[in-house]
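Novice: Below are the structure tokens for one structure; questions will follow.
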Amino acid sequence: MTEYRTSSDIGAVLIGNEDWTFAVPNGIGDGESIVRVYSSEAEFMNDPWSKGMKFISSAQGTFGIFGYDCDYHDLLRHEMSIKNAVCVLNGCYGIYNKSGSYRVAFVKWID
């Protein structure tokens, strides 16, 4: 598991690449989100931090997790790239959050 901190002005964690973006709700609103990336479902399920988290969606392919949720304008205008992401993921990931918290988890399902 790896942990990152991201900033939010629209209550989300921004993911995507130069072709698409998605604002993943952080469960509470503006502020600093805590993002964890897990290498497997077992790792996620065995972490007490994940208790009470709900499945939101999934994302596939190569995409970044960005440090600020309003960077989508620059990313889609190609003034910024996936290289600016706090981390880059590749594969199929389940995405979870916890209502009333700033927690978002990305759980690797398939390479």
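To be explicit about the labels: the chains of the structure tokens are called A, B, and onward in the order shown, and within each one the residues are counted from 1, while ligands get numbers from 1 in the order they are shown.
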Report as an MDAnalysis selection string all protein, DNA and RNA residues lying within 7 Å of segment 78-84 of chain A, evaluated on only C-alpha atoms, omitting residues in the same chain fewer than 3 positions from it.
Specialist: chainID A and resid 17:18 64 74:75
Novice: With all heavy atoms retained, export the selected residues as a PDB file, in the first residue's frame.
Specialist:
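And here's selection-v6.pdb as it stands now:
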```pdb
ATOM      1  N   ASN A  17      -5.896  11.035 -17.722  1.00  0.00           N
ATOM      2  CA  ASN A  17      -4.722  11.209 -18.570  1.00  0.00           C
ATOM      3  C   ASN A  17      -5.045  12.314 -19.570  1.00  0.00           C
ATOM      4  O   ASN A  17      -6.019  13.052 -19.374  1.00  0.00           O
ATOM      5  CB  ASN A  17      -4.315   9.882 -19.237  1.00  0.00           C
ATOM      6  CG  ASN A  17      -5.426   9.263 -20.043  1.00  0.00           C
ATOM      7  OD1 ASN A  17      -6.197   9.944 -20.714  1.00  0.00           O
ATOM      8  ND2 ASN A  17      -5.515   7.934 -19.981  1.00  0.00           N
ATOM      9  N   GLU A  18      -4.283  12.434 -20.632  1.00  0.00           N
ATOM     10  CA  GLU A  18      -4.498  13.515 -21.591  1.00  0.00           C
ATOM     11  C   GLU A  18      -5.787  13.353 -22.389  1.00  0.00           C
ATOM     12  O   GLU A  18      -6.238  14.280 -23.051  1.00  0.00           O
ATOM     13  CB  GLU A  18      -3.304  13.638 -22.541  1.00  0.00           C
ATOM     14  CG  GLU A  18      -2.043  14.147 -21.872  1.00  0.00           C
ATOM     15  CD  GLU A  18      -1.214  13.065 -21.175  1.00  0.00           C
ATOM     16  OE1 GLU A  18      -1.654  11.887 -21.097  1.00  0.00           O
ATOM     17  OE2 GLU A  18      -0.128  13.389 -20.684  1.00  0.00           O
ATOM     18  N   GLY A  64      -3.307   8.754 -14.231  1.00  0.00           N
ATOM     19  CA  GLY A  64      -2.641   9.348 -13.082  1.00  0.00           C
ATOM     20  C   GLY A  64      -3.626   9.744 -12.001  1.00  0.00           C
ATOM     21  O   GLY A  64      -4.812   9.957 -12.266  1.00  0.00           O
ATOM     22  N   ASP A  74      -6.163  22.191 -17.437  1.00  0.00           N
ATOM     23  CA  ASP A  74      -4.821  22.155 -18.020  1.00  0.00           C
ATOM     24  C   ASP A  74      -4.508  20.793 -18.620  1.00  0.00           C
ATOM     25  O   ASP A  74      -3.870  20.701 -19.665  1.00  0.00           O
ATOM     26  CB  ASP A  74      -3.763  22.500 -16.976  1.00  0.00           C
ATOM     27  CG  ASP A  74      -3.821  23.954 -16.557  1.00  0.00           C
ATOM     28  OD1 ASP A  74      -4.370  24.775 -17.327  1.00  0.00           O
ATOM     29  OD2 ASP A  74      -3.324  24.267 -15.463  1.00  0.00           O
ATOM     30  N   LEU A  75      -4.969  19.732 -17.975  1.00  0.00           N
ATOM     31  CA  LEU A  75      -4.699  18.385 -18.470  1.00  0.00           C
ATOM     32  C   LEU A  75      -5.365  18.155 -19.819  1.00  0.00           C
ATOM     33  O   LEU A  75      -4.735  17.674 -20.762  1.00  0.00           O
ATOM     34  CB  LEU A  75      -5.174  17.350 -17.453  1.00  0.00           C
ATOM     35  CG  LEU A  75      -4.872  15.898 -17.742  1.00  0.00           C
ATOM     36  CD1 LEU A  75      -3.368  15.661 -17.801  1.00  0.00           C
ATOM     37  CD2 LEU A  75      -5.487  15.008 -16.683  1.00  0.00           C
TER      38      LEU A  75
END
```
Novice: From the list A:Met1, A:Leu89, A:Ile65, A:Asp47, which residue is nearest Ala23 of chain A when using only C-alpha atoms?
Specialist: A:Ile65
Novice: Tell me which protein, DNA and RNA residues are within 8 Å of segment 55-59 of chain A, counting only C-alpha atoms, leaving out same-chain ones fewer than 2 positions away, and put them as a PyMOL selection string.
Specialist: chain A and resi 53+61+92-97
Novice: Using the chain letters and numbers from this document, which residues of chain A does DSSP assign to alpha helix (DSSP H), as a list in words?
Specialist: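 Matching residues, listed in order: Glu41, Ala42, Glu43, Phe44, Met45, Tyr72, His73, Asp74, Leu75 and Leu76 of chain A.
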Novice: Nearest to Val88 of chain A: which of A:Ser7, A:Asn26, A:Thr62, A:Ser33 is it, counting only C-alpha atoms?
Specialist: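 Comparing A:Ser7, A:Asn26, A:Thr62, A:Ser33 against Val88 of chain A, the winner is A:Thr62.
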Novice: For Phe106 of chain A, which residue out of A:Val35, A:Cys70, A:Met45, A:Ala12 is the nearest one, using only C-alpha atoms?
Specialist: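 Closest to Phe106 of chain A, using only C-alpha atoms: A:Val35.
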Novice: Identify all residues of chain A in strand (DSSP E or B) (DSSP on the backbone) and supply them as a PyMOL selection string.
Specialist: chain A and resi 2-8+12-16+21-25+31-38+54-65+68+87-97+103-110
Novice: Between A:Tyr38, A:Tyr4, A:Tyr102, A:Phe44, single out the one closest to Phe66 of chain A, counting only C-alpha atoms.
Specialist: A:Tyr4
